[in-house]
Amino acid sequence: MLETGRYGAVLRAWFRETLPAAGNARRLGVLTLIQSLGLGVFLTSSAVFFTRTIGIPAQRVGLALSVAGLCGLLCTVPIGRLADRLGAGRVLTVNFLLAAACFTAYCLVDGFAAFLAVACAIAVLETSAGALQASLTDALVGEAERVRVSAQMRSLFNLGFLGGAALAGAAIAAGTSTALYATVLANAALQLVSVAVLLGMRLPPGAGPRATAAAPAAEAPGGVLRSAALRDVRYVAVALVCGALELYHPLLTVGLPLWIVTGTDAPALLVSGLLILDTVLVLLFQVTVSKGARTPAGAARMLRWAGWALGASCLVFAVSGGHGALLDSTALLGGALVLVLGELYQASASWGLSFGLAPAGRQGEYQAVFSLGRGLQQFAGPWLMTSLVLGSAGTGWLVLAVLFALLGLAAPPLVRGLEKARARTEPAPA
């Protein structure tokens, strides 16, 4: 009985920690759950839908998605700048409405040209949505809570994604075109539900777009295409380092599964097992880990730890090949546990840095610039992982370990340099 009561208390404490507070923070959590449910449904079934239902060859699907990713990168900053002028909530509402239309349009695609056009439009909307949601989070919950709420949203995202993936698995198992069309239309419907949630949110007084002495360019003529944030070289450098450390994602979803199947004696079932383990651990511990990243200095230290942990995980993965199913599986499990630690550190640090280093009133533009590092990783990461992990085996893991460690070491001096430059250029308070 005592043990049961203790576990119950721990579970209640975890729910209190993970569930956002009532009000706008909880509405953001609901929005995250809805979006992640749709993303889980769509991403899990999209490859089968594109190739078997629409009939696009796999090679052309890869080409189209790479071109779409590039379109997303090019359009993110102008959209973020527009959010600073009009308000992130308004722009995100339009984003979700257009996404509902675009996902519905997938059901009408009958050739490669139409597929490419829809894929590019969706990539622009999805790539910009992350920066818009971060800007909206800053406006709704404020400086004191934005890192914590972002961590709560990531935990809820993993929960929703698991549910969506399970639904998509049922559709794939059904094996019919109708079931796969249903997954796409379900995602379109969830975009409309997201619009309804957004319309229920209310910005507190003074939380909308604002011009400050620290950000005079926000109202400069020239429209949304000119970005002072892109000329903030130190901020861009921090964004690229943080985004490059997010290579753990293609490592986990592309490199590691291919390594398990082709380079180890571990059972192929371990691929899904490690992905589920990663998702559950992020769900359980992201909020707790994020507490150390609420200042730029703390976030920079955490980014260094992320680089070291991710590098160490690659060294463990390097010894997992050709030693029998038991030893290989044990090494892969150990490496995955170290990798998720680096993932937790990197995600927490990204919120602390992207929020804390953006000038007041410029969150939309600066969040968009910060997302460019993530976009480049999404564009080049799968190719890099297949080249290193499959092409060089043990040497490739060593190269990745050194890369992660060096990126982690570079983070603190870059952040200190940016903060010193800001202190020299910003006017002293009256």
# chains A, B, ... in the order shown; residues from 1 in each chain; ligands from 1
call {"tool": "select_by_dssp", "arguments": {"residues": "stretch 142-362 of chain A", "states": "alpha helix (DSSP H)", "output": "PyMOL selection string"}}
result
chain A and resi 146-174+177-199+228-231+233-245+248-250+256-263+270-289+296-318+325-356
call {"tool": "closest_atom_pairs", "arguments": {"of": "stretch 349-413 of chain A", "to": "stretch 331-343 of chain A", "cutoff": "12 Å", "atoms": "only C-alpha atoms", "output": "tab-separated table"}}
result
residue	atom	partner	partner_atom	distance
A:Ala349	CA	A:Glu343	CA	9.9
A:Ser350	CA	A:Glu343	CA	10.6
A:Trp397	CA	A:Gly335	CA	11.7
A:Ala401	CA	A:Leu339	CA	11.2
A:Phe404	CA	A:Gly342	CA	9.9
A:Ala405	CA	A:Gly342	CA	10.9
A:Gly408	CA	A:Gly342	CA	10.3
call {"tool": "closest_residue", "arguments": {"among": "A:Gly160, A:Ala297, A:Met385, A:Ala347", "to": "A:Lys420", "atoms": "only C-alpha atoms"}}
result
A:Ala297
call {"tool": "closest_residue", "arguments": {"among": "A:Thr178, A:Ser290, A:Gln367, A:Ser36", "to": "A:Ser128", "atoms": "only C-alpha atoms"}}
result
A:Gln367
call {"tool": "residues_around", "arguments": {"residues": "A:Arg52", "least_positions_apart": "5", "cutoff": "12 Å", "atoms": "only C-alpha atoms", "output": "JSON, numbers by chain"}}
result
{"A": [45, 46, 47, 57, 58, 61, 172, 175, 176, 177, 178, 180, 181]}
call {"tool": "closest_atom_pairs", "arguments": {"of": "stretch 30-50 of chain A", "to": "stretch 84-102 of chain A", "cutoff": "12 Å", "atoms": "only C-alpha atoms", "output": "JSON lines"}}
result
{"residue": "A:Leu31", "atom": "CA", "partner": "A:Phe96", "partner_atom": "CA", "distance": 11.2}
{"residue": "A:Ile34", "atom": "CA", "partner": "A:Phe96", "partner_atom": "CA", "distance": 11.6}
{"residue": "A:Gln35", "atom": "CA", "partner": "A:Phe96", "partner_atom": "CA", "distance": 9.7}
{"residue": "A:Gly38", "atom": "CA", "partner": "A:Ala100", "partner_atom": "CA", "distance": 10.9}
{"residue": "A:Leu39", "atom": "CA", "partner": "A:Ala99", "partner_atom": "CA", "distance": 11.8}
call {"tool": "write_last_selection", "arguments": {"atoms": "N, CA and C atoms", "output": "PDB file, in the first residue's frame"}}
result
ATOM      1  N   LEU A  31      -3.571  23.109 -28.229  1.00  0.00           N
ATOM      2  CA  LEU A  31      -3.192  23.333 -29.627  1.00  0.00           C
ATOM      3  C   LEU A  31      -2.062  22.398 -30.042  1.00  0.00           C
ATOM      4  N   ILE A  34      -3.386  18.829 -30.578  1.00  0.00           N
ATOM      5  CA  ILE A  34      -4.125  18.705 -31.837  1.00  0.00           C
ATOM      6  C   ILE A  34      -3.172  18.636 -33.018  1.00  0.00           C
ATOM      7  N   GLN A  35      -2.190  19.544 -33.034  1.00  0.00           N
ATOM      8  CA  GLN A  35      -1.242  19.574 -34.141  1.00  0.00           C
ATOM      9  C   GLN A  35      -0.393  18.299 -34.196  1.00  0.00           C
ATOM     10  N   GLY A  38      -2.344  15.328 -35.577  1.00  0.00           N
ATOM     11  CA  GLY A  38      -2.422  15.369 -37.037  1.00  0.00           C
ATOM     12  C   GLY A  38      -1.095  15.034 -37.694  1.00  0.00           C
ATOM     13  N   LEU A  39      -0.005  15.560 -37.118  1.00  0.00           N
ATOM     14  CA  LEU A  39       1.310  15.277 -37.690  1.00  0.00           C
ATOM     15  C   LEU A  39       1.648  13.795 -37.569  1.00  0.00           C
TER      16      LEU A  39
END
call {"tool": "residues_around", "arguments": {"residues": "A:Pro382", "least_positions_apart": "4", "cutoff": "9 Å", "atoms": "only C-alpha atoms", "output": "PyMOL selection string"}}
result
chain A and resi 247+250-251+253-255+377-378+386-387
